[in-house]
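Colleague: start08.txt is the file, holding compact mmCIF, C-alpha atoms:
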# COMPACT_ATOMS: atom_id res chain seq x y z
CA MET S 1 120.01 149.26 150.28
CA SER S 2 116.59 148.19 148.90
CA ILE S 3 116.09 144.73 147.39
CA LYS S 4 116.00 144.80 143.60
CA LYS S 5 112.77 143.62 141.96
CA TYR S 6 112.26 141.74 138.72
CA LEU S 7 109.83 140.25 136.22
CA LEU S 8 110.18 136.53 135.52
CA VAL S 9 109.73 135.20 131.99
CA LEU S 10 108.90 131.53 132.38
CA ASP S 11 109.61 129.51 129.23
CA TYR S 12 109.37 130.93 125.72
CA LEU S 13 110.19 130.15 122.10
CA PRO S 14 113.31 131.94 120.84
CA ALA S 15 111.25 133.15 117.86
CA ARG S 16 109.57 135.57 120.31
CA ILE S 17 112.80 137.16 121.50
CA ASP S 18 111.80 140.57 120.08
CA GLU S 19 108.81 140.56 122.44
CA LEU S 20 111.15 139.96 125.37
CA LYS S 21 113.31 142.91 124.33
CA LEU S 22 110.22 145.13 124.15
CA ILE S 23 109.06 143.97 127.60
CA LYS S 24 112.57 144.42 129.04
CA ASP S 25 112.66 148.08 127.96
CA TYR S 26 109.10 148.70 129.14
CA ILE S 27 109.52 147.28 132.66
CA HIS S 28 112.80 149.16 133.09
CA ASP S 29 111.30 152.50 132.10
CA LYS S 30 107.89 152.21 133.79
CA TYR S 31 108.47 149.99 136.82
CA ALA S 32 112.28 150.03 137.36
CA LEU S 33 112.25 146.24 137.13
CA ASP S 34 114.96 143.84 136.00
CA MET S 35 114.19 140.74 133.89
CA VAL S 36 114.93 137.08 134.66
CA ILE S 37 114.45 134.32 132.07
CA ILE S 38 113.99 130.65 132.99
CA SER S 39 113.36 128.60 129.87
CA ASP S 40 113.84 125.20 128.28
CA LEU S 41 114.60 126.57 124.79
CA LEU S 42 117.22 129.32 124.58
CA SER S 43 118.88 130.86 121.52
CA GLY S 44 121.91 132.33 123.30
CA ASP S 45 120.93 135.86 122.28
CA GLU S 46 119.05 136.38 125.55
CA ASN S 47 122.32 137.20 127.31
CA LYS S 48 122.76 140.27 125.12
CA PHE S 49 119.97 142.13 126.91
CA CYS S 50 119.25 140.06 130.04
CA HIS S 51 121.81 139.34 132.80
CA HIS S 52 119.84 136.52 134.45
CA VAL S 53 119.16 133.63 132.05
CA PHE S 54 118.69 130.04 133.23
CA HIS S 55 118.07 126.79 131.37
CA LEU S 56 115.46 124.52 132.95
CA PRO S 57 113.39 121.89 131.09
CA VAL S 58 109.70 121.91 132.01
CA SER S 59 109.94 118.12 132.27
CA SER S 60 112.35 118.44 135.23
CA PRO S 61 111.26 116.55 138.38
CA ASP S 62 109.74 119.04 140.84
CA TYR S 63 109.80 121.79 138.22
CA GLN S 64 108.26 124.38 140.53
CA GLY S 65 110.76 123.56 143.26
CA GLU S 66 113.65 123.98 140.83
CA VAL S 67 112.27 127.36 139.70
CA LEU S 68 111.99 128.51 143.31
CA LYS S 69 115.61 127.46 143.98
CA LEU S 70 116.83 129.54 141.04
CA MET S 71 114.75 132.49 142.21
CA ALA S 72 116.13 132.19 145.75
CA SER S 73 119.70 132.29 144.41
CA LEU S 74 119.08 135.74 142.92
CA GLU S 75 118.41 137.47 146.24
CA MET S 76 115.87 139.67 144.47
CA GLU S 77 112.08 139.98 144.69
CA CYS S 78 109.85 138.64 141.92
CA VAL S 79 106.84 140.89 141.27
CA CYS S 80 105.22 139.04 138.35
CA ILE S 81 105.51 135.95 136.14
CA LEU S 82 104.88 135.87 132.38
CA PRO S 83 104.38 132.35 130.92
CA PHE S 84 104.92 132.27 127.16
CA MET S 85 104.32 128.53 126.71
CA ASP S 86 101.32 126.28 127.43
CA ALA S 87 103.46 123.77 129.32
CA VAL S 88 104.28 126.29 132.08
CA SER S 89 101.03 128.27 132.26
CA GLY S 90 99.68 126.20 135.15
CA HIS S 91 103.05 126.25 136.91
CA ALA S 92 103.18 130.03 136.55
CA ALA S 93 99.77 130.37 138.22
CA ALA S 94 100.78 128.00 141.03
CA LEU S 95 104.07 129.84 141.62
CA ALA S 96 102.28 133.20 141.62
CA LYS S 97 99.96 131.93 144.35
CA LYS S 98 102.92 130.73 146.44
CA LEU S 99 104.61 134.12 146.04
CA GLY S 100 101.45 136.15 146.70
CA ILE S 101 101.54 137.99 143.37
CA TYR S 102 98.95 138.43 140.62
CA GLY S 103 98.14 135.36 138.54
CA ASP S 104 95.41 133.06 137.27
CA ASP S 105 93.87 130.21 139.26
CA ALA S 106 96.57 127.82 140.48
CA ILE S 107 94.54 124.65 139.80
CA LEU S 108 92.24 125.39 136.87
CA SER S 109 95.01 126.93 134.75
CA PHE S 110 96.63 123.53 134.15
CA ALA S 111 93.79 122.98 131.66
CA GLY S 112 95.87 125.18 129.35
CA ILE S 113 98.18 122.22 128.70
CA ASN S 114 96.18 119.20 129.90
CA LYS S 115 93.35 118.64 127.42
CA LEU S 116 91.81 115.87 129.52
CA GLN S 117 91.66 118.17 132.55
CA TYR S 118 90.04 120.82 130.38
CA ARG S 119 87.26 118.46 129.29
CA GLU S 120 86.67 117.39 132.90
CA GLN S 121 86.36 121.02 134.03
CA GLU S 122 84.08 121.72 131.08
CA LYS S 123 81.69 118.93 132.13
CA VAL S 124 81.26 120.52 135.58
CA LEU S 125 79.63 123.53 133.86
CA ALA S 126 77.74 121.48 131.25
CA ASN S 127 74.25 122.83 132.02
CA PHE S 128 75.46 126.44 131.96
CA LEU S 129 77.37 125.98 128.71
CA ILE S 130 74.46 124.28 126.95
CA ALA S 131 72.31 127.27 127.93
CA GLN S 132 74.77 129.44 125.94
CA ASN S 133 74.29 127.28 122.81
CA ILE S 134 77.65 125.57 123.38
CA VAL S 135 77.96 121.95 122.23
CA ILE S 136 79.94 119.66 124.54
CA PRO S 137 81.64 116.76 122.73
CA ARG S 138 82.02 113.24 124.04
CA SER S 139 85.60 112.71 125.20
CA THR S 140 87.62 110.04 126.96
CA LYS S 141 91.13 109.07 127.98
CA ILE S 142 92.51 106.29 125.78
CA ASP S 143 94.73 103.62 127.35
CA ASN S 144 94.62 101.11 124.50
CA TYR S 145 93.27 100.57 121.00
CA GLY S 146 90.26 98.59 122.24
CA GLN S 147 89.02 101.62 124.16
CA LEU S 148 89.47 103.80 121.07
CA ASP S 149 87.57 101.29 118.93
CA ASP S 150 84.65 101.32 121.39
CA PHE S 151 84.64 105.13 121.56
CA PHE S 152 84.66 105.46 117.76
CA GLY S 153 81.46 103.41 117.68
CA LEU S 154 79.74 106.06 119.82
CA CYS S 155 80.62 108.97 117.51
CA GLN S 156 78.78 108.88 114.19
CA SER S 157 80.60 111.93 112.78
CA GLY S 158 84.08 110.59 113.60
CA ILE S 159 86.66 111.42 116.25
CA VAL S 160 89.79 113.45 116.91
CA ILE S 161 92.79 111.73 118.53
CA LYS S 162 95.50 113.82 120.20
CA PRO S 163 98.06 113.88 123.01
CA THR S 164 96.69 115.50 126.17
CA ASP S 165 99.69 117.84 126.37
CA GLY S 166 100.26 118.38 122.66
CA ARG S 167 101.27 121.55 120.85
CA ALA S 168 101.61 122.75 117.25
CA ASN S 169 99.03 120.14 116.15
CA ILE S 170 101.65 117.40 116.65
CA GLY S 171 99.93 114.02 116.82
CA VAL S 172 96.45 115.40 116.13
CA LYS S 173 94.39 113.23 113.76
CA ALA S 174 90.78 113.59 112.64
CA VAL S 175 89.33 110.18 111.77
CA LYS S 176 86.04 109.64 109.94
CA ASN S 177 86.79 106.35 108.21
CA TYR S 178 86.98 103.32 110.51
CA SER S 179 89.53 101.66 108.21
CA LEU S 180 92.02 104.42 109.16
CA LEU S 181 91.43 104.22 112.90
CA LYS S 182 94.26 101.78 113.78
CA SER S 183 96.92 103.52 111.68
CA SER S 184 95.83 106.93 112.98
CA TYR S 185 96.06 105.73 116.57
CA GLU S 186 99.56 104.37 116.00
CA GLU S 187 100.63 107.63 114.35
CA THR S 188 99.38 109.66 117.33
CA LEU S 189 101.09 107.28 119.76
CA GLN S 190 104.39 107.70 117.94
CA ALA S 191 104.10 111.49 117.94
CA ALA S 192 102.94 111.66 121.56
CA HIS S 193 106.21 110.37 123.11
CA GLN S 194 104.57 108.54 126.03
CA SER S 195 101.95 111.25 126.58
CA VAL S 196 98.43 110.27 127.57
CA ILE S 197 96.06 110.11 124.59
CA ILE S 198 92.60 111.67 124.53
CA ALA S 199 89.85 111.04 121.97
CA GLU S 200 87.06 113.52 121.31
CA GLU S 201 83.92 113.44 119.23
CA LEU S 202 84.53 115.22 115.92
CA ILE S 203 82.34 118.33 115.73
CA GLU S 204 82.21 119.37 112.08
CA PHE S 205 81.26 123.03 112.25
CA ASP S 206 82.09 125.16 109.23
CA ALA S 207 84.26 127.89 110.75
CA GLU S 208 86.90 128.33 113.45
CA PHE S 209 87.94 131.36 115.47
CA SER S 210 89.91 132.24 118.56
CA TYR S 211 89.01 134.51 121.46
CA ASP S 212 92.26 136.27 122.23
CA GLY S 213 93.41 138.80 124.77
CA VAL S 214 94.74 139.51 128.23
CA GLY S 215 93.09 140.54 131.49
CA THR S 216 89.82 142.22 130.56
CA LEU S 217 90.73 142.89 126.91
CA SER S 218 89.55 140.56 124.16
CA PHE S 219 89.18 140.36 120.39
CA LEU S 220 88.20 137.71 117.85
CA THR S 221 90.63 136.14 115.38
CA GLN S 222 89.47 134.15 112.36
CA LYS S 223 91.31 130.90 111.69
CA VAL S 224 91.92 129.29 108.31
CA ASN S 225 92.46 125.55 108.71
CA GLN S 226 93.65 122.83 106.39
CA ILE S 227 90.84 120.47 105.43
CA GLY S 228 91.27 116.75 106.04
CA GLU S 229 92.80 114.46 108.63
CA TYR S 230 95.51 116.98 109.63
CA PRO S 231 93.59 120.10 110.76
CA VAL S 232 96.60 122.42 111.02
CA GLU S 233 96.18 126.20 110.91
CA ILE S 234 97.12 127.68 107.54
CA GLY S 235 96.37 131.29 108.43
CA GLN S 236 94.78 133.86 110.74
CA ILE S 237 92.80 137.08 110.17
CA VAL S 238 92.54 139.99 112.65
CA PRO S 239 89.91 141.15 113.35
CA ALA S 240 87.65 138.19 112.55
CA GLN S 241 85.09 138.70 109.82
CA CYS S 242 81.72 137.38 110.93
CA SER S 243 78.19 138.61 111.57
CA PRO S 244 77.33 140.50 114.80
CA LEU S 245 75.11 137.59 115.87
CA ASN S 246 77.90 135.05 115.44
CA SER S 247 80.36 137.42 117.12
CA LEU S 248 78.15 137.36 120.20
CA SER S 249 78.12 133.55 120.19
CA LEU S 250 81.92 133.48 119.94
CA ILE S 251 82.36 136.03 122.73
CA LYS S 252 80.07 134.01 125.00
CA ALA S 253 82.08 130.88 124.20
CA GLY S 254 85.41 132.62 124.79
CA GLN S 255 84.28 134.04 128.12
CA SER S 256 83.09 130.58 129.16
CA MET S 257 86.51 129.13 128.36
CA ASN S 258 88.19 131.72 130.56
CA LEU S 259 85.86 130.73 133.39
CA ILE S 260 86.60 127.03 132.87
CA SER S 261 90.37 127.58 132.88
CA GLY S 262 90.62 130.05 135.76
CA GLN S 263 91.72 133.13 133.80
CA ARG S 264 91.88 136.31 135.89
CA TYR S 265 94.81 138.54 134.91
CA GLY S 266 96.75 136.60 132.32
CA ALA S 267 96.84 136.11 128.57
CA PHE S 268 94.56 133.70 126.71
CA HIS S 269 94.13 132.16 123.28
CA ASN S 270 90.87 130.19 123.23
CA GLU S 271 90.11 128.15 120.12
CA ILE S 272 86.44 127.88 119.13
CA LYS S 273 84.52 126.25 116.28
CA LEU S 274 81.31 127.83 115.02
CA ASN S 275 78.24 126.60 113.14
CA SER S 276 77.65 129.83 111.24
CA SER S 277 74.06 128.83 110.39
CA THR S 278 72.85 128.02 113.91
CA GLY S 279 75.25 130.07 116.05
CA GLU S 280 76.26 126.94 117.98
CA THR S 281 79.84 126.84 119.21
CA PHE S 282 82.23 124.10 120.28
CA LEU S 283 85.13 124.81 122.64
CA VAL S 284 88.20 123.26 121.02
CA GLU S 285 90.90 124.08 123.60
CA THR S 286 92.26 126.89 125.73
CA ASN S 287 95.80 128.24 125.81
CA ARG S 288 96.88 130.22 128.86
CA ARG S 289 99.51 132.37 127.13
CA PRO S 290 99.81 134.94 124.31
CA ALA S 291 98.51 133.78 120.94
CA GLY S 292 101.08 132.49 118.46
CA MET S 293 101.30 132.99 114.69
CA HIS S 294 101.92 136.74 115.16
CA ILE S 295 98.31 137.27 116.27
CA TRP S 296 99.40 139.76 118.94
CA ASP S 297 101.62 141.58 116.42
CA MET S 298 98.65 141.88 114.06
CA ALA S 299 96.34 143.05 116.85
CA ASN S 300 98.86 145.65 118.01
CA LYS S 301 98.96 147.11 114.50
CA VAL S 302 95.22 146.93 113.86
CA PHE S 303 94.13 148.31 117.25
CA ASP S 304 97.16 150.60 117.82
CA ILE S 305 98.03 149.12 121.23
CA SER S 306 100.73 146.94 122.80
CA LEU S 307 99.28 143.76 124.25
CA GLN S 308 102.68 142.86 125.65
CA LYS S 309 102.75 146.05 127.75
CA ILE S 310 99.14 145.57 128.81
CA TRP S 311 99.97 141.99 129.88
CA VAL S 312 102.78 143.30 132.05
CA ASP S 313 100.50 145.93 133.61
CA HIS S 314 97.90 143.34 134.59
CA LEU S 315 100.46 141.08 136.27
CA VAL S 316 102.49 143.84 137.95
CA GLN S 317 99.65 145.98 139.30
CA GLY S 318 96.51 143.89 138.75
CA TYR S 319 94.98 146.10 136.04
CA SER S 320 95.73 148.15 132.95
CA ASP S 321 94.65 151.69 132.12
CA ILE S 322 93.44 150.23 128.81
CA ASN S 323 90.48 147.98 129.65
CA THR S 324 88.74 147.70 126.28
CA ILE S 325 90.03 147.01 122.78
CA PRO S 326 89.98 150.21 120.66
CA LYS S 327 88.24 150.44 117.30
CA ALA S 328 90.07 148.60 114.54
CA HIS S 329 91.93 150.65 111.95
CA GLY S 330 92.37 148.27 109.06
CA SER S 331 92.95 144.52 109.17
CA ALA S 332 95.77 141.99 109.07
CA PHE S 333 96.40 138.39 108.11
CA ILE S 334 99.15 135.79 108.22
CA MET S 335 99.49 133.07 105.59
CA ASN S 336 101.62 129.96 106.09
CA LEU S 337 103.37 128.92 102.88
CA VAL S 338 102.72 125.40 101.60
CA SER S 339 104.78 123.42 99.11
CA PRO S 340 103.07 122.44 95.82
CA LYS S 341 104.32 118.86 96.29
CA ASP S 342 106.28 116.60 98.63
CA GLY S 343 110.00 116.63 98.08
CA VAL S 344 113.41 118.04 98.98
CA ILE S 345 114.87 121.46 98.16
CA ARG S 346 117.65 121.24 95.56
CA LYS S 347 121.20 122.44 95.95
CA GLY S 348 121.76 126.01 94.81
CA PHE S 349 118.67 127.28 96.57
CA ASP S 350 119.40 130.73 98.03
CA GLU S 351 116.65 131.68 100.50
CA ASN S 352 117.62 135.36 100.43
CA ILE S 353 117.29 135.61 96.64
CA VAL S 354 114.07 133.59 96.65
CA LYS S 355 112.65 135.76 99.44
CA GLN S 356 113.48 138.91 97.49
CA LYS S 357 111.75 137.59 94.37
CA PHE S 358 108.78 136.40 96.38
CA MET S 359 108.30 139.71 98.18
CA SER S 360 108.42 141.51 94.84
CA LEU S 361 105.56 139.30 93.64
CA VAL S 362 103.62 139.96 96.86
CA HIS S 363 104.12 143.72 96.36
CA ASP S 364 102.69 143.49 92.83
CA LEU S 365 99.70 141.56 94.18
CA LEU S 366 98.94 144.05 96.99
CA GLN S 367 99.91 147.30 95.28
CA SER S 368 96.28 148.45 95.01
CA TYR S 369 96.10 148.51 98.84
CA GLN S 370 97.79 150.69 101.42
CA TYR S 371 99.67 147.87 103.13
CA GLU S 372 102.63 147.01 105.32
CA ILE S 373 104.53 143.74 105.75
CA ILE S 374 104.53 143.04 109.50
CA SER S 375 106.79 140.00 109.25
CA THR S 376 107.90 137.39 106.76
CA LYS S 377 110.11 134.32 106.92
CA ILE S 378 111.33 131.63 104.54
CA LYS S 379 112.11 128.56 106.63
CA VAL S 380 113.43 126.19 103.93
CA THR S 381 117.06 125.83 102.84
CA GLU S 382 119.05 123.37 100.74
CA ASN S 383 118.02 119.76 101.49
CA SER S 384 114.94 120.82 103.49
CA GLN S 385 111.96 118.45 103.36
CA VAL S 386 108.80 120.13 102.05
CA TYR S 387 105.22 118.89 102.25
CA LYS S 388 102.11 119.34 100.15
CA ILE S 389 99.99 118.44 103.19
CA PRO S 390 101.70 119.61 106.41
CA LYS S 391 100.95 117.37 109.39
CA THR S 392 102.05 119.92 112.02
CA ASN S 393 102.62 123.66 112.29
CA ASN S 394 106.35 122.98 111.91
CA GLU S 395 106.08 121.67 108.33
CA PHE S 396 105.29 124.89 106.47
CA CYS S 397 107.83 126.59 104.20
CA GLY S 398 107.48 129.94 105.94
CA TYR S 399 104.91 132.70 106.29
CA VAL S 400 103.89 136.21 105.30
CA CYS S 401 102.14 138.55 107.75
CA VAL S 402 100.43 141.61 106.23
CA TYR S 403 98.62 144.72 107.51
CA ILE S 404 96.18 146.47 105.19
CA LYS S 405 94.73 149.87 106.05
CA SER S 406 91.21 148.69 105.24
CA GLN S 407 88.72 146.10 106.41
CA GLU S 408 87.05 145.93 103.00
CA VAL S 409 89.36 143.16 101.85
CA ASN S 410 88.76 139.62 100.65
CA HIS S 411 91.40 138.19 102.96
CA LEU S 412 90.98 134.57 101.90
CA GLU S 413 91.44 135.54 98.26
CA CYS S 414 94.62 137.46 99.09
CA MET S 415 95.97 134.61 101.22
CA ASN S 416 95.34 131.99 98.55
CA ALA S 417 96.89 134.22 95.88
CA ILE S 418 100.03 134.70 97.99
CA ASN S 419 100.37 130.95 98.47
CA CYS S 420 99.94 130.38 94.72
CA LEU S 421 102.75 132.88 94.05
CA TRP S 422 104.96 131.02 96.49
CA GLN S 423 104.20 127.64 94.95
CA SER S 424 104.94 128.85 91.42
CA LEU S 425 108.28 130.24 92.63
CA ILE S 426 109.42 127.26 94.72
CA GLN S 427 108.26 124.57 92.26
CA GLU S 428 111.53 124.48 90.27
CA PHE S 429 113.64 123.96 93.42
CA ILE S 430 111.88 120.76 94.55
CA PHE S 431 112.86 117.24 93.56
When written as structure tokens, how does the structure in this file appear?
Modeller:
Amino acid sequence: MSIKKYLLVLDYLPARIDELKLIKDYIHDKYALDMVIISDLLSGDENKFCHHVFHLPVSSPDYQGEVLKLMASLEMECVCILPFMDAVSGHAAALAKKLGIYGDDAILSFAGINKLQYREQEKVLANFLIAQNIVIPRSTKIDNYGQLDDFFGLCQSGIVIKPTDGRANIGVKAVKNYSLLKSSYEETLQAAHQSVIIAEELIEFDAEFSYDGVGTLSFLTQKVNQIGEYPVEIGQIVPAQCSPLNSLSLIKAGQSMNLISGQRYGAFHNEIKLNSSTGETFLVETNRRPAGMHIWDMANKVFDISLQKIWVDHLVQGYSDINTIPKAHGSAFIMNLVSPKDGVIRKGFDENIVKQKFMSLVHDLLQSYQYEIISTKIKVTENSQVYKIPKTNNEFCGYVCVYIKSQEVNHLECMNAINCLWQSLIQEFIF
């Protein structure tokens, strides 16, 4: 009897469970593979479609050793590893190397979670990056406030403070005013939970994008960020709207980030800032996993592909039959919903009724377009805290993700209008 083979999903957010179901069906039909899930966060619904589900925190001592023990207990053969979270992307590459299967570089890939390591690897290629019109910021590890104070004095435009292994913009602070430096440092320390702190020179370019994809495929996503000391992402647009000249600058930057972080076969979400006047770019950070905020869902609709299936192909067989992104048919955007003021949601709030009313308003707004709602979610309930200025990606009221069968759209205008509709609707429920 032949040994059964499987695909390993290594850590994921339960919000992406539909992607796991899609992948499970695909690997069964195309490759006759089973699925194994080893993850810190589990919803409980995984057991409905997957027979091998294990809980393992990434913070476990000897994480890789613990993963290998679980794999050995299965008496099956692992043929590929899909990391859905930054924290395990480096571990996935290291495990793939140990198992002799396709993966990214086992050392460089840890830059996907360790921001200090990323900056150190970036400096090695400094001359080559500068030749591509890429600006390299000052950066340093911060062990105490005195070091931060000294570093702030070197950066005339200000600094960004963040945990080296942060996610969802938790603990990220942009500081321009020296009088706010101490309080900002303490806020980051509190949010970091003993993580190492890194400070970087603030590069104030006027636009931000991401270079997204998997294997050899790539596309540009336009980011919409909140202005101020909490630079969280309010929305995303696929494909990005920018000039051909700036697109070239962004592609060069994104390719450089893949080189820095050892990408070969896997998924990537590289965040890049752009000076749209000069074409200069600044490499914000790399993520060695599929893009969040439904970016892959939007790309699948716009380009008529399945990035999840293509990701599997690259890691199972080392390539995909699709090696370039097709021409875009339309465009898509996601808008995070922001509260009009700080407060708490009153009793009597029914999210289903509010969602129905809200979607009716969105339909009226978009009725002149041929459109489709890809996904929508209202995250607030009775007694939920709401925020006028979200500090992290977890403090929004929900989101709306829309596909429009046209690229001739003022996306920012639509996104702002949708948020205004939401704020007018939710206003009466906040005290």
Colleague: Closest to Cys80 of chain S among S:Asp25, S:Asp40, S:Asp297, S:Asp104, using only C-alpha atoms?
Modeller: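 When distances to Cys80 of chain S are compared using only C-alpha atoms, the smallest one comes from S:Asp104.
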Colleague: Using only C-alpha atoms, which residue out of S:Arg16, S:Lys173, S:Arg289, S:Arg167 lies closest to Thr188 of chain S?
Modeller: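 For Thr188 of chain S, the nearest of the candidates is S:Lys173.
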Colleague: Between S:Ile251, S:Leu8, S:Met298, S:Ile345, single out the one closest to Ser384 of chain S, counting only C-alpha atoms.
Modeller: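 Looking only at the distances to Ser384 of chain S, the closest residue turns out to be S:Ile345.
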Colleague: Quick one, how far is atom CA of Ile23 of chain S from atom CA of Ile37 of chain S?
Modeller: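 Separating atom CA of Ile23 of chain S from atom CA of Ile37 of chain S is a distance of 11.9 Å.
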Colleague: Residues near Thr376 of chain S, anyone? I mean within 7 Å using only C-alpha atoms, not counting same-chain ones fewer than 5 positions away, as a PyMOL selection string.
Modeller: chain S and resi 399-401
Colleague: Could you write out the selected residues, including C-alpha atoms, as a PDB file, in the frame of the given file?
Modeller:
ATOM      1  CA  TYR S 399     104.910 132.700 106.290  1.00  0.00           C
ATOM      2  CA  VAL S 400     103.890 136.210 105.300  1.00  0.00           C
ATOM      3  CA  CYS S 401     102.140 138.550 107.750  1.00  0.00           C
TER       4      CYS S 401
END
Colleague: Give me, please, the distance in Å between atom CA of Asn352 of chain S and atom CA of Ile430 of chain S, quoted to one decimal.
Modeller: 16.8 Å
Colleague: Mind listing whatever residues come within 8 Å of the point (102.6, 132.5, 102.0)? Use all atoms listed in the file, file coordinates, and give them as an MDAnalysis selection string.
Modeller: chainID S and resid 334:338 398:400 415 418:419 421:422
Colleague: Taking C-alpha atoms for each residue, export the selection above as a PDB file, in the coordinates of the input.
Modeller:
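Saved result, again39.pdb, follows:
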ATOM      1  CA  ILE S 334      99.150 135.790 108.220  1.00  0.00           C
ATOM      2  CA  MET S 335      99.490 133.070 105.590  1.00  0.00           C
ATOM      3  CA  ASN S 336     101.620 129.960 106.090  1.00  0.00           C
ATOM      4  CA  LEU S 337     103.370 128.920 102.880  1.00  0.00           C
ATOM      5  CA  VAL S 338     102.720 125.400 101.600  1.00  0.00           C
ATOM      6  CA  GLY S 398     107.480 129.940 105.940  1.00  0.00           C
ATOM      7  CA  TYR S 399     104.910 132.700 106.290  1.00  0.00           C
ATOM      8  CA  VAL S 400     103.890 136.210 105.300  1.00  0.00           C
ATOM      9  CA  MET S 415      95.970 134.610 101.220  1.00  0.00           C
ATOM     10  CA  ILE S 418     100.030 134.700  97.990  1.00  0.00           C
ATOM     11  CA  ASN S 419     100.370 130.950  98.470  1.00  0.00           C
ATOM     12  CA  LEU S 421     102.750 132.880  94.050  1.00  0.00           C
ATOM     13  CA  TRP S 422     104.960 131.020  96.490  1.00  0.00           C
TER      14      TRP S 422
END
Colleague: Some atoms are absent from segment 186-191 of chain S, so rebuild all heavy atoms and return them as a short mmCIF file (atom, residue, chain, number, x, y, z; two decimals), in the frame of the given file.
Modeller:
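Output contents, as saved in part.cif:
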data_model
loop_
_atom_site.label_atom_id
_atom_site.label_comp_id
_atom_site.auth_asym_id
_atom_site.auth_seq_id
_atom_site.Cartn_x
_atom_site.Cartn_y
_atom_site.Cartn_z
N GLU S 186 98.12 104.65 115.91
CA GLU S 186 99.56 104.37 116.00
C GLU S 186 100.38 105.60 115.66
O GLU S 186 101.43 105.85 116.27
CB GLU S 186 99.90 103.21 115.06
CG GLU S 186 99.32 101.88 115.54
CD GLU S 186 99.51 100.76 114.54
OE1 GLU S 186 99.90 101.06 113.38
OE2 GLU S 186 99.25 99.59 114.90
N GLU S 187 99.92 106.40 114.71
CA GLU S 187 100.63 107.63 114.35
C GLU S 187 100.61 108.63 115.52
O GLU S 187 101.63 109.27 115.82
CB GLU S 187 100.00 108.25 113.11
CG GLU S 187 100.75 109.45 112.58
CD GLU S 187 100.18 109.96 111.27
OE1 GLU S 187 99.49 109.18 110.57
OE2 GLU S 187 100.42 111.13 110.95
N THR S 188 99.47 108.75 116.18
CA THR S 188 99.38 109.66 117.33
C THR S 188 100.26 109.16 118.47
O THR S 188 100.95 109.95 119.12
CB THR S 188 97.92 109.78 117.80
OG1 THR S 188 97.13 110.36 116.76
CG2 THR S 188 97.82 110.67 119.04
N LEU S 189 100.24 107.86 118.71
CA LEU S 189 101.09 107.28 119.76
C LEU S 189 102.56 107.59 119.51
O LEU S 189 103.31 107.96 120.43
CB LEU S 189 100.90 105.77 119.83
CG LEU S 189 99.73 105.22 120.65
CD1 LEU S 189 99.73 103.70 120.57
CD2 LEU S 189 99.82 105.66 122.10
N GLN S 190 102.99 107.46 118.28
CA GLN S 190 104.39 107.70 117.94
C GLN S 190 104.75 109.17 118.15
O GLN S 190 105.84 109.48 118.64
CB GLN S 190 104.65 107.30 116.49
CG GLN S 190 106.10 107.42 116.07
CD GLN S 190 106.34 106.91 114.66
OE1 GLN S 190 105.41 106.51 113.96
NE2 GLN S 190 107.59 106.91 114.23
N ALA S 191 103.83 110.06 117.80
CA ALA S 191 104.10 111.49 117.94
C ALA S 191 103.98 111.96 119.38
O ALA S 191 104.55 112.99 119.76
CB ALA S 191 103.13 112.28 117.06
#
